[in-house]
Amino acid sequence: MKTGRTQAVAIFIVALLAAGAAAADRTYPRVANFYTTDPRLEDCPRLSRYDMVVMPGAMQDICPEIITELRRLNPDIVILAYFPASLMWPESDIDSPLRQGFWDKVVTNDWWLYDDKGNRVGDPDYLWVLNMTVNCPEDPLGRTLGEWLASYIADEIYATGLWDGIFLDGCFENPTWLNNGDAFFQDPPAMVDSDRNGVGDDAEDLASWWHSSLTGFVSSLRSRLGPGAVIVGNGKQYMHDALNGGVRENFPNMHGDWDANMFSEYGYLTNCGTFLDTPLTASMILCYSKLDGHTVFEPYRCATYLRFLRFTLTSALLGDGYYVLESGTGRCLWWEDLYDIDLGLPTSAARLDSIYSASGDRMCPIWRRDFEKGYVLCNPFNQYIFTTQGKWISAEDGMIVITGSDAPLTVTATGAGVPAVVDKDVRRIRVETVVTNPSEHAAPAFVWSETRLGDTVLNKGPVIETLIGKGATDTLSITVGFPPSLGLETYLIEINVAGPDMEVLRSDTLLIRRVVEFPSDREELYDNHDRDMAATEEDDLLIYPQPVAFSSGETLRMEVRGNRTSADENCSIGMYDVRGRLVRSIYEGVYGEGLNLEIGLTGKGGEKIAPGLYIVVLEMGDLVLNRKVVLLK
């Protein structure tokens, strides 16, 4: 069990399963923190929860107590010293003996990389690029930058005994991306001139010179540090015989699409099995959430952020590496509930699996990986999948499923329908929340609700406390309120269940669509919700097959059945998008003896309906039925 990681007890969460063999003493997921802005001693309790922390090597001069405190709080933590292999901070950031020694050596030997205009390559307020090529000038002892730097890192950083290894920045494959001044918006554009002859270097020659020098530097560093050190480099890493891992930075956007980031020559999943595994394999997926509203301690947890978290975390779980999520500032102390899940060790490699849709007649490919205590699913494809757990996995989304006797509390929101349609004047509806506890001991569950319009929280319901025994199920009634709507709006009601420490263990959601067409005298319908549900429980609206694809040539059909309808009742059926807008009218007329309809896949104007999730709503007297429809390409 990881230090600082809590034991999980019964939950379904969106995520994806990882691939490959793992270090014997580590469970999954494995999470790291890139805290490259100088940490503070008071940050240690939060930082110590991570499996790996990358922090500036200068901390050994500025505040070495941080490193020793992290090890006291978490003896298993891996701490790497961040150090640039071919980059130099601006002079304003030279704030420690370690950085000063590096700066002085570069300045004395003129180890800057220049362009064909005679200017340094880089940004004076950000980073300078150094001459990590075979054309680099030699120091008085005949050493180039790469040859000297290996000994400097070994003697000045690793020899202190404070670090488990080194994270090398600026370890990119070649510097041809610096040509034309594109990297630092140079005006006028210029070419890299590593041999200082006044002429821009040929791209192939420049790549070869850089590759030769960088490979020699990394190999020399490995030789000096020995097999017990962890060395990780960024960029498209190819030095598998000397490094313990590479980094897929800005995943999944920087190096192509998801497939390229996972399975290309330099892809995360490809490289997970090729780097050194002594003392551990340390490939990483580094993700940046660029939404506004993040703070040092908390991200902006909107629906977009949570979906991005699930998708990228489950992608990382397909391999044996570490997952990193931050805002791009180099100082984030976020901790997500998903990190506390204990999946155990992987029992299979990642595989492209198939699952069936809700109607059982369509196979959908999806990535899966099995672990000792559950499995993960990841959907990078442009399709919606309905899993056997009754959960939707949308495109670029994932799910983690915990199995066994130590699965956490579960909660199911029922009563209002999923989705439900309510009158525009209804201010409150009642939701039945079913909480089940399969754990060994009775545990209190704290249940409450939040109503959202998009990502905006409109209100929070009161907290209800209940004591649940092993295997017991309790049904709680929660009243959910929301403001009146001026038009068609879609609300999301989230039902949350927390344990004794008020940390959310499980949540479920209902989609509530408010419409303007209903008269305002229906409030009693929802004030007497149980009676209404009992009266309509035999009515049904069937839509099949699900999902349906345009390319398959299938026809989407709908069947209405029930015993409380009469032949002369007017019936209205429409298809709406998830924002409550009418996409097309399906049927207007009397019910007759029943309905068996074919649903056209074109909108009101004859245009093809876009792929996605839709809601079909039937209104007949006081009967309202709703069903989801998923359209694929």
# chains A, B, ... in the order shown; residues from 1 in each chain; ligands from 1
>>> residues_around(residues="Val53 of chain A", least_positions_apart="4", cutoff="12 Å", atoms="only C-alpha atoms", output="ChimeraX atom specification")
/A:30-36,39,43-44,46-49,57,66-67,70-71,74,76-82,163-167,282,284,322-324,330-333
>>> select_by_dssp(residues="segment 158-292 of chain A", states="alpha helix (DSSP H)", output="PyMOL selection string")
chain A and resi 203-225+258-263+268-272
>>> atom_distance(atom1="atom CA of Ser194 of chain A", atom2="atom CA of Leu127 of chain A")
17.4 Å
>>> atom_distance(atom1="atom CA of Lys460 of chain A", atom2="atom CA of Trp448 of chain A")
7.4 Å
>>> residues_around(residues="segment 567-577 of chain A", least_positions_apart="5", cutoff="9 Å", atoms="only C-alpha atoms", output="list in words")
Leu582, Val583, Arg584, Ser585, Ile586, Tyr587, Glu588, Gly589, Val590, Tyr591, Gly592, Glu593, Gly594, Gly612, Leu613, Tyr614, Ile615, Val616, Val617, Leu618, Glu619, Met620, Gly621 and Val629 of chain A
>>> write_last_selection(atoms="N, CA and C atoms", output="tab-separated table (two decimals), in the first residue's frame")
chain	number	residue	atom	x	y	z
A	582	LEU	N	-35.11	21.57	-29.50
A	582	LEU	CA	-35.81	20.61	-30.35
A	582	LEU	C	-35.02	20.40	-31.63
A	583	VAL	N	-34.65	19.15	-31.89
A	583	VAL	CA	-33.91	18.81	-33.11
A	583	VAL	C	-34.89	18.46	-34.23
A	584	ARG	N	-35.89	17.65	-33.90
A	584	ARG	CA	-36.93	17.32	-34.87
A	584	ARG	C	-38.16	16.81	-34.15
A	585	SER	N	-39.31	17.03	-34.77
A	585	SER	CA	-40.57	16.47	-34.27
A	585	SER	C	-40.75	15.09	-34.90
A	586	ILE	N	-41.01	14.09	-34.05
A	586	ILE	CA	-41.13	12.71	-34.55
A	586	ILE	C	-42.58	12.36	-34.85
A	587	TYR	N	-43.49	12.80	-33.98
A	587	TYR	CA	-44.89	12.42	-34.16
A	587	TYR	C	-45.80	13.42	-33.46
A	588	GLU	N	-46.89	13.80	-34.14
A	588	GLU	CA	-47.96	14.61	-33.55
A	588	GLU	C	-49.27	13.98	-33.98
A	589	GLY	N	-50.08	13.53	-33.04
A	589	GLY	CA	-51.36	12.92	-33.40
A	589	GLY	C	-51.91	12.11	-32.26
A	590	VAL	N	-52.94	11.29	-32.54
A	590	VAL	CA	-53.55	10.46	-31.50
A	590	VAL	C	-52.74	9.19	-31.34
A	591	TYR	N	-52.86	8.64	-30.13
A	591	TYR	CA	-52.12	7.42	-29.82
A	591	TYR	C	-52.70	6.22	-30.55
A	592	GLY	N	-54.02	6.17	-30.67
A	592	GLY	CA	-54.66	5.04	-31.31
A	592	GLY	C	-54.48	3.77	-30.50
A	593	GLU	N	-54.18	2.67	-31.15
A	593	GLU	CA	-53.99	1.39	-30.47
A	593	GLU	C	-52.52	1.11	-30.17
A	594	GLY	N	-51.69	2.05	-30.44
A	594	GLY	CA	-50.27	1.89	-30.18
A	594	GLY	C	-49.44	2.56	-31.26
A	612	GLY	N	-24.01	12.22	-31.75
A	612	GLY	CA	-24.02	12.69	-30.37
A	612	GLY	C	-25.13	12.06	-29.56
A	613	LEU	N	-25.36	12.62	-28.38
A	613	LEU	CA	-26.37	12.14	-27.44
A	613	LEU	C	-27.61	13.02	-27.54
A	614	TYR	N	-28.77	12.38	-27.67
A	614	TYR	CA	-30.04	13.09	-27.78
A	614	TYR	C	-31.05	12.49	-26.81
A	615	ILE	N	-32.15	13.21	-26.61
A	615	ILE	CA	-33.21	12.77	-25.70
A	615	ILE	C	-34.52	12.78	-26.47
A	616	VAL	N	-35.21	11.64	-26.50
A	616	VAL	CA	-36.54	11.56	-27.10
A	616	VAL	C	-37.57	11.68	-25.98
A	617	VAL	N	-38.50	12.63	-26.12
A	617	VAL	CA	-39.49	12.92	-25.10
A	617	VAL	C	-40.89	12.65	-25.65
A	618	LEU	N	-41.65	11.82	-24.97
A	618	LEU	CA	-43.05	11.56	-25.30
A	618	LEU	C	-43.94	12.24	-24.28
A	619	GLU	N	-44.96	13.01	-24.75
A	619	GLU	CA	-45.92	13.67	-23.88
A	619	GLU	C	-47.32	13.23	-24.31
A	620	MET	N	-48.09	12.72	-23.35
A	620	MET	CA	-49.44	12.27	-23.64
A	620	MET	C	-50.26	12.44	-22.37
A	621	GLY	N	-51.11	13.45	-22.34
A	621	GLY	CA	-51.83	13.74	-21.12
A	621	GLY	C	-50.85	14.10	-20.02
A	629	VAL	N	-30.85	8.63	-26.84
A	629	VAL	CA	-30.54	8.10	-28.16
A	629	VAL	C	-29.12	8.51	-28.51
>>> atom_distance(atom1="atom CA of Gly471 of chain A", atom2="atom CA of Ile400 of chain A")
21.8 Å
>>> residues_around(residues="Asp397 of chain A", least_positions_apart="2", cutoff="8 Å", atoms="only C-alpha atoms", output="list in words")
Val14, Ala15, Arg307, Phe308, Arg310, Phe311, Cys378, Asn379, Pro380, Ile393, Ser394, Ala395 and Met399 of chain A
>>> select_by_dssp(residues="segment 281-385 of chain A", states="strand (DSSP E)", output="mmCIF file with N, CA, C and O atoms, in the first residue's frame")
data_model
loop_
_atom_site.group_PDB
_atom_site.id
_atom_site.type_symbol
_atom_site.label_atom_id
_atom_site.label_comp_id
_atom_site.auth_asym_id
_atom_site.auth_seq_id
_atom_site.Cartn_x
_atom_site.Cartn_y
_atom_site.Cartn_z
ATOM 1 N N MET A 284 6.624 8.815 -18.104
ATOM 2 C CA MET A 284 5.599 9.697 -17.548
ATOM 3 C C MET A 284 4.700 10.248 -18.641
ATOM 4 O O MET A 284 5.114 10.421 -19.786
ATOM 5 N N ILE A 285 3.448 10.503 -18.251
ATOM 6 C CA ILE A 285 2.522 11.303 -19.043
ATOM 7 C C ILE A 285 2.322 12.607 -18.286
ATOM 8 O O ILE A 285 1.864 12.601 -17.144
ATOM 9 N N LEU A 286 2.715 13.723 -18.900
ATOM 10 C CA LEU A 286 2.593 15.039 -18.274
ATOM 11 C C LEU A 286 1.490 15.803 -18.989
ATOM 12 O O LEU A 286 1.572 16.042 -20.198
ATOM 13 N N CYS A 287 0.433 16.178 -18.245
ATOM 14 C CA CYS A 287 -0.742 16.822 -18.820
ATOM 15 C C CYS A 287 -0.901 18.214 -18.231
ATOM 16 O O CYS A 287 -0.675 18.412 -17.034
ATOM 17 N N TYR A 288 -1.335 19.153 -19.049
ATOM 18 C CA TYR A 288 -1.595 20.512 -18.599
ATOM 19 C C TYR A 288 -3.076 20.823 -18.755
ATOM 20 O O TYR A 288 -3.618 20.731 -19.855
ATOM 21 N N TYR A 322 4.142 6.977 -14.714
ATOM 22 C CA TYR A 322 3.599 7.916 -13.731
ATOM 23 C C TYR A 322 2.722 8.940 -14.438
ATOM 24 O O TYR A 322 3.007 9.368 -15.556
ATOM 25 N N TYR A 323 1.684 9.354 -13.736
ATOM 26 C CA TYR A 323 0.744 10.343 -14.259
ATOM 27 C C TYR A 323 0.989 11.682 -13.581
ATOM 28 O O TYR A 323 1.095 11.753 -12.347
ATOM 29 N N VAL A 324 1.083 12.751 -14.391
ATOM 30 C CA VAL A 324 1.315 14.095 -13.867
ATOM 31 C C VAL A 324 0.254 15.024 -14.458
ATOM 32 O O VAL A 324 0.076 15.052 -15.678
ATOM 33 N N LEU A 325 -0.436 15.780 -13.606
ATOM 34 C CA LEU A 325 -1.418 16.758 -14.072
ATOM 35 C C LEU A 325 -1.192 18.077 -13.350
ATOM 36 O O LEU A 325 -1.146 18.118 -12.112
ATOM 37 N N GLU A 326 -1.030 19.144 -14.114
ATOM 38 C CA GLU A 326 -0.839 20.465 -13.516
ATOM 39 C C GLU A 326 -1.344 21.532 -14.477
ATOM 40 O O GLU A 326 -1.878 21.220 -15.547
ATOM 41 N N ARG A 351 -5.265 -3.879 -24.052
ATOM 42 C CA ARG A 351 -5.756 -4.556 -25.251
ATOM 43 C C ARG A 351 -6.966 -3.813 -25.800
ATOM 44 O O ARG A 351 -7.715 -3.193 -25.047
ATOM 45 N N LEU A 352 -7.148 -3.890 -27.090
ATOM 46 C CA LEU A 352 -8.316 -3.315 -27.727
ATOM 47 C C LEU A 352 -9.442 -4.328 -27.610
ATOM 48 O O LEU A 352 -9.476 -5.335 -28.314
ATOM 49 N N ASP A 353 -10.348 -4.083 -26.676
ATOM 50 C CA ASP A 353 -11.414 -5.014 -26.343
ATOM 51 C C ASP A 353 -12.710 -4.558 -27.011
ATOM 52 O O ASP A 353 -12.790 -3.496 -27.602
ATOM 53 N N SER A 354 -13.744 -5.369 -26.904
ATOM 54 C CA SER A 354 -15.061 -5.011 -27.429
ATOM 55 C C SER A 354 -16.092 -5.218 -26.344
ATOM 56 O O SER A 354 -16.046 -6.197 -25.603
ATOM 57 N N ILE A 355 -17.011 -4.284 -26.231
ATOM 58 C CA ILE A 355 -18.131 -4.442 -25.325
ATOM 59 C C ILE A 355 -19.401 -4.210 -26.118
ATOM 60 O O ILE A 355 -19.377 -3.682 -27.225
ATOM 61 N N TYR A 356 -20.527 -4.625 -25.553
ATOM 62 C CA TYR A 356 -21.791 -4.514 -26.255
ATOM 63 C C TYR A 356 -22.564 -3.296 -25.786
ATOM 64 O O TYR A 356 -22.451 -2.863 -24.647
ATOM 65 N N MET A 363 -21.176 -4.384 -31.101
ATOM 66 C CA MET A 363 -19.878 -4.402 -30.438
ATOM 67 C C MET A 363 -19.172 -3.081 -30.677
ATOM 68 O O MET A 363 -19.143 -2.586 -31.793
ATOM 69 N N CYS A 364 -18.598 -2.520 -29.619
ATOM 70 C CA CYS A 364 -17.860 -1.260 -29.710
ATOM 71 C C CYS A 364 -16.439 -1.485 -29.207
ATOM 72 O O CYS A 364 -16.248 -1.953 -28.080
ATOM 73 N N PRO A 365 -15.408 -1.168 -30.005
ATOM 74 C CA PRO A 365 -14.031 -1.350 -29.533
ATOM 75 C C PRO A 365 -13.674 -0.327 -28.466
ATOM 76 O O PRO A 365 -14.081 0.831 -28.530
ATOM 77 N N ILE A 366 -12.907 -0.757 -27.500
ATOM 78 C CA ILE A 366 -12.499 0.132 -26.421
ATOM 79 C C ILE A 366 -11.226 -0.446 -25.797
ATOM 80 O O ILE A 366 -11.025 -1.661 -25.775
ATOM 81 N N TRP A 367 -10.331 0.424 -25.310
ATOM 82 C CA TRP A 367 -9.103 -0.065 -24.683
ATOM 83 C C TRP A 367 -9.370 -0.472 -23.244
ATOM 84 O O TRP A 367 -10.086 0.209 -22.519
ATOM 85 N N ARG A 368 -8.761 -1.586 -22.843
ATOM 86 C CA ARG A 368 -8.986 -2.136 -21.506
ATOM 87 C C ARG A 368 -7.685 -2.710 -20.958
ATOM 88 O O ARG A 368 -6.840 -3.207 -21.682
ATOM 89 N N ARG A 369 -7.574 -2.639 -19.616
ATOM 90 C CA ARG A 369 -6.490 -3.332 -18.927
ATOM 91 C C ARG A 369 -6.984 -3.805 -17.569
ATOM 92 O O ARG A 369 -7.719 -3.091 -16.890
ATOM 93 N N ASP A 370 -6.570 -5.017 -17.189
ATOM 94 C CA ASP A 370 -7.018 -5.624 -15.939
ATOM 95 C C ASP A 370 -5.960 -5.475 -14.852
ATOM 96 O O ASP A 370 -4.754 -5.564 -15.122
ATOM 97 N N PHE A 371 -6.442 -5.261 -13.631
ATOM 98 C CA PHE A 371 -5.592 -5.166 -12.455
ATOM 99 C C PHE A 371 -6.091 -6.140 -11.390
ATOM 100 O O PHE A 371 -7.151 -6.754 -11.534
ATOM 101 N N GLY A 374 -9.451 -4.627 -9.995
ATOM 102 C CA GLY A 374 -10.421 -3.998 -10.878
ATOM 103 C C GLY A 374 -9.904 -3.936 -12.294
ATOM 104 O O GLY A 374 -8.991 -4.670 -12.679
ATOM 105 N N TYR A 375 -10.489 -3.062 -13.075
ATOM 106 C CA TYR A 375 -10.032 -2.876 -14.444
ATOM 107 C C TYR A 375 -10.347 -1.453 -14.872
ATOM 108 O O TYR A 375 -11.117 -0.733 -14.238
ATOM 109 N N VAL A 376 -9.708 -1.037 -15.968
ATOM 110 C CA VAL A 376 -9.953 0.301 -16.492
ATOM 111 C C VAL A 376 -10.360 0.199 -17.957
ATOM 112 O O VAL A 376 -9.936 -0.707 -18.673
ATOM 113 N N LEU A 377 -11.187 1.153 -18.370
ATOM 114 C CA LEU A 377 -11.621 1.252 -19.752
ATOM 115 C C LEU A 377 -11.283 2.641 -20.258
ATOM 116 O O LEU A 377 -11.425 3.625 -19.531
ATOM 117 N N CYS A 378 -10.844 2.742 -21.521
ATOM 118 C CA CYS A 378 -10.516 4.038 -22.106
ATOM 119 C C CYS A 378 -11.086 4.114 -23.516
ATOM 120 O O CYS A 378 -10.906 3.196 -24.305
ATOM 121 N N ASN A 379 -11.772 5.201 -23.802
ATOM 122 C CA ASN A 379 -12.413 5.362 -25.101
ATOM 123 C C ASN A 379 -11.840 6.582 -25.825
ATOM 124 O O ASN A 379 -12.316 7.699 -25.630
ATOM 125 N N ILE A 385 -20.361 4.865 -25.697
ATOM 126 C CA ILE A 385 -20.503 3.460 -25.344
ATOM 127 C C ILE A 385 -21.247 3.348 -24.027
ATOM 128 O O ILE A 385 -20.952 4.079 -23.073
#
